[in-house]
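**Student:** As input, take start32.csv (CSV, C-alpha atoms and all ligand atoms):
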```csv
chain,number,residue,atom,x,y,z
A,1,MET,CA,0.0,0.0,0.0
A,2,SER,CA,1.4,3.4,-0.9
A,3,THR,CA,1.5,5.9,1.9
A,4,ARG,CA,0.8,9.6,1.2
A,5,PRO,CA,3.7,12.0,1.5
A,6,ASP,CA,4.0,14.0,4.7
A,7,TYR,CA,2.9,17.2,3.1
A,8,GLN,CA,3.3,19.3,6.2
A,9,ALA,CA,6.9,18.2,6.7
A,10,ILE,CA,7.6,18.8,3.0
A,11,LEU,CA,6.1,22.3,3.1
A,12,ASP,CA,8.2,23.1,6.2
A,13,GLU,CA,11.4,22.0,4.5
A,14,ILE,CA,10.5,23.9,1.3
A,15,HIS,CA,9.9,27.1,3.4
A,16,GLN,CA,13.4,26.8,4.9
A,17,GLU,CA,15.0,26.1,1.6
A,18,VAL,CA,13.5,28.9,-0.4
A,19,LEU,CA,14.0,31.6,2.3
A,20,PRO,CA,17.3,32.8,0.7
A,21,GLN,CA,15.4,33.4,-2.6
A,22,VAL,CA,12.4,35.3,-0.9
A,23,GLY,CA,12.9,39.0,-1.8
A,24,ALA,CA,14.8,38.2,-4.9
A,25,GLY,CA,13.4,39.2,-8.3
A,26,ARG,CA,11.3,42.3,-9.0
A,27,VAL,CA,8.0,43.2,-7.4
A,28,ALA,CA,5.6,44.3,-10.2
A,29,ASP,CA,5.4,48.1,-10.1
A,30,TYR,CA,3.7,48.9,-13.4
A,31,ILE,CA,0.6,48.8,-11.3
A,32,PRO,CA,1.8,51.1,-8.5
A,33,ALA,CA,-0.4,49.6,-5.8
A,34,LEU,CA,1.4,46.2,-6.3
A,35,GLY,CA,4.8,47.9,-6.0
A,36,ARG,CA,4.0,48.8,-2.4
A,37,VAL,CA,3.7,45.1,-1.3
A,38,PRO,CA,6.6,44.0,0.9
A,39,ALA,CA,9.0,41.7,-1.0
A,40,ASP,CA,9.8,39.5,1.9
A,41,ARG,CA,6.6,37.5,2.0
A,42,PHE,CA,6.3,33.8,1.3
A,43,GLY,CA,3.2,31.6,1.9
A,44,MET,CA,2.1,28.2,0.6
A,45,ALA,CA,-1.0,26.1,1.1
A,46,LEU,CA,-1.8,22.6,-0.2
A,47,ARG,CA,-5.3,21.2,-0.1
A,48,THR,CA,-6.1,17.6,-0.9
A,49,VAL,CA,-9.3,16.4,-2.6
A,50,ALA,CA,-10.1,14.8,0.8
A,51,GLY,CA,-10.3,18.3,2.2
A,52,GLU,CA,-7.1,18.3,4.3
A,53,THR,CA,-5.1,21.6,4.2
A,54,PHE,CA,-1.4,22.0,4.9
A,55,LYS,CA,0.2,25.4,5.1
A,56,VAL,CA,3.3,27.3,5.8
A,57,GLY,CA,4.5,31.0,6.2
A,58,ASP,CA,2.2,33.8,5.1
A,59,ALA,CA,-0.5,31.4,3.7
A,60,ASP,CA,-3.3,33.4,5.3
A,61,GLU,CA,-2.3,36.8,4.2
A,62,SER,CA,-4.3,38.3,1.3
A,63,PHE,CA,-2.6,39.4,-1.9
A,64,SER,CA,-3.6,40.6,-5.3
A,65,ILE,CA,-4.3,37.5,-7.4
A,66,GLN,CA,-4.2,39.3,-10.7
A,67,SER,CA,-4.1,36.9,-13.7
A,68,ILE,CA,-4.9,33.9,-11.5
A,69,SER,CA,-8.5,35.4,-11.6
A,70,LYS,CA,-8.6,34.6,-15.4
A,71,VAL,CA,-9.2,31.0,-14.5
A,72,PHE,CA,-12.4,31.9,-12.6
A,73,THR,CA,-13.8,34.0,-15.4
A,74,LEU,CA,-12.8,31.4,-18.0
A,75,THR,CA,-14.6,28.7,-15.9
A,76,MET,CA,-17.7,30.9,-15.7
A,77,ALA,CA,-17.7,31.7,-19.5
A,78,LEU,CA,-17.2,28.0,-20.3
A,79,GLY,CA,-20.1,27.1,-18.1
A,80,LEU,CA,-22.3,29.7,-19.9
A,81,GLU,CA,-21.1,29.1,-23.5
A,82,GLY,CA,-19.2,25.8,-23.6
A,83,GLU,CA,-16.7,25.5,-26.4
A,84,GLU,CA,-18.5,28.1,-28.5
A,85,LEU,CA,-16.2,30.5,-26.6
A,86,PHE,CA,-13.3,29.3,-28.7
A,87,ARG,CA,-14.7,30.8,-31.8
A,88,ARG,CA,-13.5,34.1,-30.4
A,89,VAL,CA,-10.3,33.1,-28.6
A,90,GLY,CA,-7.7,30.4,-29.4
A,91,ARG,CA,-6.0,27.6,-27.4
A,92,GLU,CA,-2.3,28.0,-28.3
A,93,PRO,CA,0.5,29.2,-26.1
A,94,SER,CA,1.5,32.7,-27.1
A,95,GLY,CA,5.2,32.6,-26.7
A,96,THR,CA,5.0,36.4,-26.0
A,97,ALA,CA,4.5,38.6,-23.0
A,98,PHE,CA,1.1,38.4,-21.3
A,99,ASN,CA,0.3,42.0,-22.4
A,100,SER,CA,1.8,41.9,-25.9
A,101,LEU,CA,0.0,43.7,-28.7
A,102,VAL,CA,1.7,42.4,-31.8
A,103,GLN,CA,0.0,39.0,-32.3
A,104,LEU,CA,-3.4,40.5,-31.9
A,105,GLU,CA,-2.9,42.6,-35.0
A,106,THR,CA,-1.3,39.9,-37.2
A,107,GLU,CA,-3.9,37.3,-36.0
A,108,ASN,CA,-7.0,39.5,-36.8
A,109,GLY,CA,-8.1,40.2,-33.3
A,110,ILE,CA,-8.4,36.6,-32.1
A,111,PRO,CA,-6.2,36.3,-29.0
A,112,ARG,CA,-4.0,33.2,-28.8
A,113,ASN,CA,-5.6,31.9,-25.6
A,114,PRO,CA,-7.9,33.0,-22.8
A,115,LEU,CA,-5.1,33.5,-20.2
A,116,ILE,CA,-3.2,36.3,-21.9
A,117,ASN,CA,-4.6,39.8,-21.2
A,118,ALA,CA,-6.3,40.1,-24.7
A,119,GLY,CA,-7.9,36.6,-24.2
A,120,ALA,CA,-9.2,37.5,-20.8
A,121,LEU,CA,-10.7,40.7,-22.1
A,122,VAL,CA,-12.7,38.6,-24.6
A,123,VAL,CA,-13.8,36.3,-21.8
A,124,ALA,CA,-14.9,39.3,-19.7
A,125,ASP,CA,-16.9,40.5,-22.7
A,126,ALA,CA,-18.6,37.1,-22.9
A,127,LEU,CA,-19.6,37.3,-19.3
A,128,LEU,CA,-21.0,40.8,-19.8
A,129,SER,CA,-23.2,39.5,-22.6
A,130,HIS,CA,-24.7,36.9,-20.4
A,131,LEU,CA,-24.9,38.5,-16.9
A,132,GLU,CA,-26.6,41.6,-15.8
A,133,ASP,CA,-24.3,42.1,-12.8
A,134,ALA,CA,-21.1,40.3,-14.0
A,135,LYS,CA,-18.9,42.0,-11.4
A,136,GLY,CA,-21.2,40.9,-8.6
A,137,GLU,CA,-21.5,37.4,-10.0
A,138,VAL,CA,-17.7,36.9,-10.4
A,139,LEU,CA,-17.2,37.9,-6.7
A,140,GLU,CA,-20.1,35.6,-5.6
A,141,PHE,CA,-18.6,32.7,-7.7
A,142,VAL,CA,-15.2,33.0,-6.1
A,143,ARG,CA,-16.6,33.4,-2.5
A,144,ARG,CA,-18.7,30.3,-2.9
A,145,LEU,CA,-15.7,28.3,-4.3
A,146,CYS,CA,-13.5,29.1,-1.3
A,147,GLU,CA,-16.4,29.3,1.2
A,148,SER,CA,-15.4,32.8,2.4
A,149,ASP,CA,-17.2,36.0,2.3
A,150,GLU,CA,-14.0,37.8,3.1
A,151,VAL,CA,-12.8,37.8,-0.5
A,152,GLU,CA,-13.1,41.3,-1.9
A,153,TYR,CA,-12.2,43.5,-4.8
A,154,ASP,CA,-9.3,45.6,-3.6
A,155,GLN,CA,-10.4,49.1,-4.6
A,156,GLU,CA,-6.9,50.6,-4.3
A,157,VAL,CA,-5.6,48.1,-6.9
A,158,VAL,CA,-8.7,48.8,-9.1
A,159,ARG,CA,-7.9,52.5,-9.1
A,160,SER,CA,-4.2,52.0,-9.6
A,161,GLU,CA,-4.7,49.6,-12.5
A,162,ARG,CA,-7.2,51.8,-14.1
A,163,ALA,CA,-4.9,54.8,-13.9
A,164,TRP,CA,-2.0,52.8,-15.5
A,165,GLY,CA,-4.0,50.6,-17.8
A,166,ASP,CA,-3.2,52.1,-21.2
A,167,ARG,CA,-1.8,48.9,-22.6
A,168,ASN,CA,-4.9,46.9,-21.7
A,169,ALA,CA,-7.0,49.7,-23.1
A,170,ALA,CA,-5.0,49.5,-26.4
A,171,LEU,CA,-5.7,45.7,-26.5
A,172,ALA,CA,-9.4,46.4,-25.9
A,173,HIS,CA,-9.5,48.9,-28.7
A,174,PHE,CA,-7.8,46.5,-31.1
A,175,LEU,CA,-10.3,43.8,-30.2
A,176,LYS,CA,-13.2,46.1,-30.7
A,177,SER,CA,-11.8,47.2,-34.1
A,178,PHE,CA,-11.8,43.6,-35.2
A,179,GLY,CA,-15.4,43.1,-34.0
A,180,ASN,CA,-14.4,40.8,-31.2
A,181,LEU,CA,-16.0,42.8,-28.3
A,182,GLU,CA,-19.8,43.1,-27.9
A,183,SER,CA,-19.9,45.4,-24.9
A,184,SER,CA,-18.3,48.8,-24.5
A,185,ILE,CA,-14.6,49.0,-24.0
A,186,GLU,CA,-15.2,50.8,-20.7
A,187,SER,CA,-17.4,48.0,-19.3
A,188,VAL,CA,-15.0,45.3,-20.4
A,189,LEU,CA,-12.0,47.0,-18.9
A,190,ASP,CA,-13.9,47.7,-15.7
A,191,LEU,CA,-14.8,44.0,-15.2
A,192,TYR,CA,-11.3,42.9,-16.1
A,193,VAL,CA,-9.5,45.3,-13.6
A,194,HIS,CA,-12.0,44.2,-10.9
A,195,HIS,CA,-11.4,40.5,-11.3
A,196,CYS,CA,-7.6,41.1,-11.4
A,197,SER,CA,-7.9,43.1,-8.2
A,198,LEU,CA,-9.4,40.2,-6.2
A,199,ALA,CA,-7.6,39.8,-2.9
A,200,MET,CA,-7.2,36.3,-1.6
A,201,THR,CA,-4.9,34.1,0.6
A,202,CYS,CA,-3.1,31.0,-0.5
A,203,SER,CA,-5.5,28.9,1.7
A,204,GLN,CA,-8.5,30.4,-0.1
A,205,LEU,CA,-6.9,29.9,-3.5
A,206,ALA,CA,-6.0,26.2,-2.8
A,207,ALA,CA,-9.7,25.7,-1.9
A,208,ALA,CA,-11.1,27.7,-4.8
A,209,PHE,CA,-9.1,25.7,-7.4
A,210,GLN,CA,-10.1,22.4,-6.0
A,211,PHE,CA,-12.8,21.8,-8.7
A,212,LEU,CA,-10.0,21.5,-11.3
A,213,ALA,CA,-8.5,18.6,-9.2
A,214,GLN,CA,-11.9,16.8,-9.1
A,215,GLY,CA,-13.2,16.7,-12.6
A,216,GLY,CA,-15.0,20.1,-12.5
A,217,LYS,CA,-17.0,19.4,-9.4
A,218,SER,CA,-17.2,22.2,-6.8
A,219,PRO,CA,-15.9,20.9,-3.4
A,220,CYS,CA,-18.4,22.9,-1.3
A,221,ASP,CA,-21.7,21.9,-2.8
A,222,ASP,CA,-21.0,19.2,-5.3
A,223,ARG,CA,-22.2,21.4,-8.2
A,224,GLN,CA,-20.6,20.4,-11.6
A,225,LEU,CA,-19.0,23.7,-12.6
A,226,LEU,CA,-17.5,22.2,-15.7
A,227,THR,CA,-18.0,18.8,-17.3
A,228,PRO,CA,-15.2,16.4,-16.6
A,229,SER,CA,-14.1,16.9,-20.2
A,230,LEU,CA,-14.0,20.7,-19.9
A,231,ALA,CA,-12.2,20.5,-16.6
A,232,LYS,CA,-9.5,18.3,-18.2
A,233,ARG,CA,-9.3,20.8,-21.1
A,234,THR,CA,-9.0,23.8,-18.7
A,235,ASN,CA,-6.1,22.0,-17.0
A,236,ALA,CA,-4.5,21.6,-20.5
A,237,LEU,CA,-4.8,25.3,-21.1
A,238,LEU,CA,-3.2,26.0,-17.7
A,239,LEU,CA,-0.3,23.7,-18.6
A,240,THR,CA,0.3,25.2,-22.0
A,241,CYS,CA,-0.7,28.9,-21.4
A,242,GLY,CA,-0.9,29.5,-17.6
A,243,VAL,CA,2.5,30.9,-17.1
A,244,TYR,CA,2.9,32.7,-20.5
A,245,ASP,CA,6.2,32.3,-22.2
A,246,SER,CA,7.6,30.3,-19.3
A,247,ALA,CA,5.2,27.4,-20.0
A,248,GLY,CA,7.9,25.1,-21.2
A,249,ASP,CA,10.3,25.8,-18.4
A,250,PHE,CA,7.5,25.5,-15.8
A,251,ALA,CA,6.3,22.2,-17.2
A,252,TYR,CA,9.9,21.0,-17.2
A,253,ARG,CA,10.7,22.1,-13.6
A,254,VAL,CA,7.3,21.7,-11.9
A,255,GLY,CA,5.3,19.3,-14.1
A,256,LEU,CA,1.8,20.6,-13.2
A,257,PRO,CA,-0.9,22.8,-14.8
A,258,GLY,CA,-0.5,26.2,-13.2
A,259,LYS,CA,-1.6,29.8,-13.3
A,260,SER,CA,0.5,32.7,-12.2
A,261,GLY,CA,-0.3,36.4,-11.5
A,262,VAL,CA,1.9,39.5,-11.2
A,263,GLY,CA,1.0,39.8,-7.6
A,264,GLY,CA,3.4,36.9,-7.0
A,265,GLY,CA,0.8,34.1,-6.7
A,266,ILE,CA,0.9,30.8,-8.5
A,267,VAL,CA,-1.8,28.0,-8.2
A,268,ALA,CA,-1.0,24.5,-9.5
A,269,VAL,CA,-3.2,21.4,-9.8
A,270,LEU,CA,-2.5,17.7,-9.5
A,271,PRO,CA,-5.7,16.2,-10.9
A,272,GLU,CA,-7.4,13.8,-8.5
A,273,ARG,CA,-5.0,14.6,-5.6
A,274,TRP,CA,-4.5,18.2,-4.6
A,275,CYS,CA,-4.2,21.9,-5.4
A,276,VAL,CA,-1.4,24.1,-4.2
A,277,ALA,CA,-1.2,27.9,-4.0
A,278,VAL,CA,2.1,29.7,-3.3
A,279,TRP,CA,2.8,33.4,-3.0
A,280,SER,CA,6.0,35.5,-3.0
A,281,PRO,CA,6.0,38.9,-4.7
A,282,GLY,CA,9.4,38.9,-6.3
A,283,LEU,CA,9.0,38.0,-10.0
A,284,ASP,CA,11.2,36.6,-12.7
A,285,PRO,CA,11.5,38.4,-16.1
A,286,SER,CA,8.3,36.6,-17.4
A,287,GLY,CA,6.2,37.9,-14.5
A,288,ASN,CA,6.1,34.7,-12.5
A,289,SER,CA,7.0,34.4,-8.8
A,290,LEU,CA,10.7,33.4,-8.5
A,291,ALA,CA,10.6,31.8,-5.0
A,292,GLY,CA,7.1,30.5,-5.8
A,293,THR,CA,8.2,28.6,-8.9
A,294,ARG,CA,11.2,27.2,-7.0
A,295,ALA,CA,8.9,26.1,-4.1
A,296,LEU,CA,6.6,24.3,-6.6
A,297,GLU,CA,9.6,22.6,-8.2
A,298,LEU,CA,10.7,21.4,-4.8
A,299,LEU,CA,7.2,20.2,-4.0
A,300,THR,CA,6.9,17.9,-7.0
A,301,THR,CA,10.4,16.7,-6.5
A,302,ARG,CA,10.1,15.9,-2.8
A,303,THR,CA,6.6,14.3,-3.1
A,304,GLY,CA,7.4,12.5,-6.3
A,305,GLU,CA,4.0,13.7,-7.5
A,306,SER,CA,3.4,15.5,-10.8
A,307,ILE,CA,1.3,14.8,-13.9
A,308,PHE,CA,4.3,13.2,-15.7
B,1,LIG,O1,-3.6,43.3,-16.9
B,1,LIG,C1,-2.5,43.2,-16.2
B,1,LIG,O2,-1.5,43.5,-16.6
B,1,LIG,C2,-2.7,42.6,-14.8
B,1,LIG,N1,-4.0,43.0,-14.2
B,1,LIG,C3,-2.6,41.1,-14.8
B,1,LIG,C4,-1.3,40.6,-15.4
B,1,LIG,C5,-0.8,39.4,-14.8
B,1,LIG,O3,-1.1,39.0,-13.6
B,1,LIG,C6,0.1,38.6,-15.6
B,1,LIG,N2,0.6,37.5,-14.9
B,1,LIG,N3,1.6,37.0,-14.7
```
Spell out the structure here as structure tokens.

**Tutor:**
Amino acid sequence: MSTRPDYQAILDEIHQEVLPQVGAGRVADYIPALGRVPADRFGMALRTVAGETFKVGDADESFSIQSISKVFTLTMALGLEGEELFRRVGREPSGTAFNSLVQLETENGIPRNPLINAGALVVADALLSHLEDAKGEVLEFVRRLCESDEVEYDQEVVRSERAWGDRNAALAHFLKSFGNLESSIESVLDLYVHHCSLAMTCSQLAAAFQFLAQGGKSPCDDRQLLTPSLAKRTNALLLTCGVYDSAGDFAYRVGLPGKSGVGGGIVAVLPERWCVAVWSPGLDPSGNSLAGTRALELLTTRTGESIF
């Protein structure tokens, strides 16, 4: 009989081992509110499909989840539209920065995938077409997933990202010019900056992503949020597109579907076993948490568990 790894002991070891790297890298400052977050933070939480949670460091401190939120909006849009959504957005890794403009022009306003900024703007637009109060529903969806009413939109981050959001506005204008946005540019950007501003802890994120470890079924109320097939496919998108142009290196070192955000968070999924969320604000040049990626690499190495 195989015994399960001692996750708590492994997280404690990882914490000690990554400490010298915590604070290295660059805290994102192109959104000024993010630049004010102390660089010395590190937290990690792992939650098994059986509902056990293991955590270390600052796992219960809230941070800005940024692009990790794109997985929640994608899940909602897939639930509403199914694979019709992919008429407007592709499923290929971009190999370019998450906020790059160039591909969008050469590929006629169809973003490469739903996890780069342009793709997430199309997903936000899809939600606005279906939901009267999309902002309220996204918040409610995430709160239910992690069973916490404490999750909020961080209004300071909203203001800061709006004030410095010229590049995303440019992407939205491009999309609109190709006929790939139905709602107004203002309303699409407003929903997008709100979902990126969601403030959550590692423990909440590990719980909220649990449905991707269990075939699309929500852990809190057994709702089927995605069909098992779409849950599998969403994990495939995370593996190929979740960490932008570091997807190859991340698959090589960590070996799990994952999604990062410029707030320094990364969530990764081992289907049928567990979800893990890690946070440390210092980023590598692709915009992924440096200590966080190292911690995930150590996790799959020490547990011997990955999708490969
Ligand atoms: O739109 C932006 O630039 C940010 N709200 C999100 C970027 C992000 O998190 C990319 N992730 N690594």

**Student:** Within 9 Å of ligand LIG 1 (chain B), counting all atoms listed in the file, which protein or nucleic acid residues do you find, written as a PyMOL selection string?

**Tutor:** chain A and resi 30-31+64-70+97-99+115-118+120+161+165+167-168+192-197+242-244+259-266+283+286-289

**Student:** Could you tell me how far CA of Phe72 in chain A lies from CA of Arg162 in chain A, in Å and to one decimal?

**Tutor:** 20.6 Å

**Student:** Calculate how many Å separate CA of Thr106 in chain A from CA of Phe86 in chain A, rounding to one decimal.

**Tutor:**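 Value for the CA of Thr106 in chain A-CA of Phe86 in chain A distance: 18.1 Å.
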
**Student:** Could you name the residues that touch Arg233 in chain A at 12 Å or less, counting only C-alpha atoms, but leaving out those on the same chain fewer than 2 positions away, as number ranges by chain?

**Tutor:** A: 74-75, 78, 82-83, 91, 212, 215-216, 226-231, 235-241, 257, 271

**Student:** Mind checking which residues fall within 10 Å of Gly179 in chain A, counting all atoms listed in the file, ignoring those fewer than 5 positions away in the same chain, and posting them as an MDAnalysis selection string?

**Tutor:** chainID A and resid 88 108:110 173:174

**Student:** Which polymer residues, whether protein, DNA or RNA, lie within 12 Å of the coordinate (-17.8, 31.8, -28.4) when you count all atoms listed in the file? List them as a ChimeraX atom specification, using the chain letters and numbers from the file.

**Tutor:** /A:74,77-90,110,114,119,122-127,129-130,180-182

**Student:** Excluding Glu147 in chain A and its own-chain neighbours fewer than 4 positions away, which residues fall within 9 Å of it when counting only C-alpha atoms? Please give them as number ranges by chain.

**Tutor:** A: 142-143, 204, 207-208, 220

**Student:** Taking only C-alpha atoms into account, name the residue in A:Tyr252, A:Tyr7, A:Phe63, A:Phe42 that is nearest to Val157 in chain A.

**Tutor:**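 Checking each candidate against Val157 in chain A, we get A:Phe63 as the closest.
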
**Student:** Rank A:Asp6, A:Val102, A:Met76, A:Gln155 by their smallest atom-to-atom distance to Glu137 in chain A, using only C-alpha atoms, and report the top residue only.

**Tutor:**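 For Glu137 in chain A, the nearest of the given residues is A:Met76.
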
**Student:** Between A:Cys146, A:Ala247, A:Val37, A:Ala50, which has the minimum distance to Ser94 in chain A (counting all atoms listed in the file)?

**Tutor:**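 Distance minimum relative to Ser94 in chain A lands on A:Ala247.
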
**Student:** If we count all atoms listed in the file and set the cut-off at 6 Å, which residues sit around Arg273 in chain A, ignoring sequence neighbours fewer than 2 positions away in its own chain? Please answer as a PDB file with C-alpha atoms, in the coordinates of the input.

**Tutor:**
```
ATOM      1  CA  THR A  48      -6.100  17.600  -0.900  1.00  0.00           C
ATOM      2  CA  VAL A  49      -9.300  16.400  -2.600  1.00  0.00           C
ATOM      3  CA  LEU A 270      -2.500  17.700  -9.500  1.00  0.00           C
ATOM      4  CA  PRO A 271      -5.700  16.200 -10.900  1.00  0.00           C
TER       5      PRO A 271
END
```

**Student:** Write out as a short mmCIF file (atom, residue, chain, number, x, y, z; two decimals) with C-alpha atoms, in the frame of the given file each polymer residue whose atoms come within 12 Å of range 56-59 of chain A, counting all atoms listed in the file; drop sequence neighbours fewer than 2 positions from it.

**Tutor:**
```cif
data_model
loop_
_atom_site.label_atom_id
_atom_site.label_comp_id
_atom_site.auth_asym_id
_atom_site.auth_seq_id
_atom_site.Cartn_x
_atom_site.Cartn_y
_atom_site.Cartn_z
CA TYR A 7 2.90 17.20 3.10
CA GLN A 8 3.30 19.30 6.20
CA ALA A 9 6.90 18.20 6.70
CA ILE A 10 7.60 18.80 3.00
CA LEU A 11 6.10 22.30 3.10
CA ASP A 12 8.20 23.10 6.20
CA GLU A 13 11.40 22.00 4.50
CA ILE A 14 10.50 23.90 1.30
CA HIS A 15 9.90 27.10 3.40
CA GLN A 16 13.40 26.80 4.90
CA VAL A 18 13.50 28.90 -0.40
CA LEU A 19 14.00 31.60 2.30
CA VAL A 22 12.40 35.30 -0.90
CA PRO A 38 6.60 44.00 0.90
CA ASP A 40 9.80 39.50 1.90
CA ARG A 41 6.60 37.50 2.00
CA PHE A 42 6.30 33.80 1.30
CA GLY A 43 3.20 31.60 1.90
CA MET A 44 2.10 28.20 0.60
CA ALA A 45 -1.00 26.10 1.10
CA LEU A 46 -1.80 22.60 -0.20
CA ARG A 47 -5.30 21.20 -0.10
CA THR A 53 -5.10 21.60 4.20
CA PHE A 54 -1.40 22.00 4.90
CA GLU A 61 -2.30 36.80 4.20
CA SER A 62 -4.30 38.30 1.30
CA PHE A 63 -2.60 39.40 -1.90
CA MET A 200 -7.20 36.30 -1.60
CA THR A 201 -4.90 34.10 0.60
CA CYS A 202 -3.10 31.00 -0.50
CA SER A 203 -5.50 28.90 1.70
CA GLN A 204 -8.50 30.40 -0.10
CA LEU A 205 -6.90 29.90 -3.50
CA ALA A 206 -6.00 26.20 -2.80
CA GLY A 265 0.80 34.10 -6.70
CA VAL A 276 -1.40 24.10 -4.20
CA ALA A 277 -1.20 27.90 -4.00
CA VAL A 278 2.10 29.70 -3.30
CA TRP A 279 2.80 33.40 -3.00
CA SER A 280 6.00 35.50 -3.00
CA PRO A 281 6.00 38.90 -4.70
CA ALA A 295 8.90 26.10 -4.10
#
```

**Student:** Rounded to one decimal place, report the CA of Asp284 in chain A-CA of Gln210 in chain A distance in Å.

**Tutor:**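 Atom-to-atom, CA of Asp284 in chain A to CA of Gln210 in chain A, that is 26.5 Å.
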
**Student:** For Arg144 in chain A, which of A:Val188, A:Ala170, A:Leu131, A:Leu225 is the closest residue, counting only C-alpha atoms?

**Tutor:**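 The closest residue to Arg144 in chain A is A:Leu225.
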
**Student:** Closest to Thr234 in chain A among A:Glu297, A:Thr73, A:Ser246, A:Val158, using only C-alpha atoms?

**Tutor:**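 Checking each of A:Glu297, A:Thr73, A:Ser246, A:Val158 against Thr234 in chain A, counting only C-alpha atoms, the winner is A:Thr73.
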
**Student:** Which residue is closest to Leu198 in chain A? Choose from A:Val138, A:Trp164, A:Glu186, A:Arg302 and count only C-alpha atoms.

**Tutor:**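 Answer, going by the shortest atom-to-atom distance: A:Val138.
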
**Student:** Reconstruct range 31-36 of chain A at the level of all heavy atoms, and format the result as a PDB file, in the frame of the given file.

**Tutor:**
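result-v1.pdb, freshly written:
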```
ATOM      1  N   ILE A  31       1.810  48.412 -12.001  1.00  0.00           N
ATOM      2  CA  ILE A  31       0.600  48.800 -11.300  1.00  0.00           C
ATOM      3  C   ILE A  31       1.050  49.291  -9.942  1.00  0.00           C
ATOM      4  O   ILE A  31       1.461  48.485  -9.099  1.00  0.00           O
ATOM      5  CB  ILE A  31      -0.389  47.584 -11.155  1.00  0.00           C
ATOM      6  CG1 ILE A  31      -0.757  47.011 -12.529  1.00  0.00           C
ATOM      7  CG2 ILE A  31      -1.634  47.980 -10.366  1.00  0.00           C
ATOM      8  CD1 ILE A  31      -1.510  45.691 -12.489  1.00  0.00           C
ATOM      9  N   PRO A  32       1.096  50.618  -9.721  1.00  0.00           N
ATOM     10  CA  PRO A  32       1.800  51.100  -8.500  1.00  0.00           C
ATOM     11  C   PRO A  32       1.341  50.505  -7.210  1.00  0.00           C
ATOM     12  O   PRO A  32       2.168  50.275  -6.328  1.00  0.00           O
ATOM     13  CB  PRO A  32       1.471  52.638  -8.581  1.00  0.00           C
ATOM     14  CG  PRO A  32       1.275  52.922 -10.040  1.00  0.00           C
ATOM     15  CD  PRO A  32       0.632  51.695 -10.619  1.00  0.00           C
ATOM     16  N   ALA A  33       0.065  50.166  -7.068  1.00  0.00           N
ATOM     17  CA  ALA A  33      -0.400  49.600  -5.800  1.00  0.00           C
ATOM     18  C   ALA A  33       0.302  48.245  -5.519  1.00  0.00           C
ATOM     19  O   ALA A  33       0.499  47.866  -4.363  1.00  0.00           O
ATOM     20  CB  ALA A  33      -1.905  49.395  -5.805  1.00  0.00           C
ATOM     21  N   LEU A  34       0.684  47.524  -6.551  1.00  0.00           N
ATOM     22  CA  LEU A  34       1.400  46.200  -6.300  1.00  0.00           C
ATOM     23  C   LEU A  34       2.806  46.466  -5.882  1.00  0.00           C
ATOM     24  O   LEU A  34       3.357  45.681  -5.112  1.00  0.00           O
ATOM     25  CB  LEU A  34       1.382  45.400  -7.623  1.00  0.00           C
ATOM     26  CG  LEU A  34       0.038  44.973  -8.195  1.00  0.00           C
ATOM     27  CD1 LEU A  34       0.245  44.074  -9.416  1.00  0.00           C
ATOM     28  CD2 LEU A  34      -0.819  44.255  -7.157  1.00  0.00           C
ATOM     29  N   GLY A  35       3.410  47.552  -6.369  1.00  0.00           N
ATOM     30  CA  GLY A  35       4.800  47.900  -6.000  1.00  0.00           C
ATOM     31  C   GLY A  35       4.993  48.158  -4.545  1.00  0.00           C
ATOM     32  O   GLY A  35       6.110  48.113  -4.042  1.00  0.00           O
ATOM     33  N   ARG A  36       3.892  48.426  -3.828  1.00  0.00           N
ATOM     34  CA  ARG A  36       4.000  48.800  -2.400  1.00  0.00           C
ATOM     35  C   ARG A  36       3.964  47.530  -1.491  1.00  0.00           C
ATOM     36  O   ARG A  36       4.098  47.636  -0.286  1.00  0.00           O
ATOM     37  CB  ARG A  36       2.876  49.717  -2.019  1.00  0.00           C
ATOM     38  CG  ARG A  36       3.007  51.088  -2.694  1.00  0.00           C
ATOM     39  CD  ARG A  36       2.104  52.123  -2.060  1.00  0.00           C
ATOM     40  NE  ARG A  36       0.765  52.166  -2.637  1.00  0.00           N
ATOM     41  CZ  ARG A  36       0.444  52.816  -3.764  1.00  0.00           C
ATOM     42  NH1 ARG A  36       1.369  53.489  -4.426  1.00  0.00           N
ATOM     43  NH2 ARG A  36      -0.794  52.819  -4.205  1.00  0.00           N
TER      44      ARG A  36
END
```
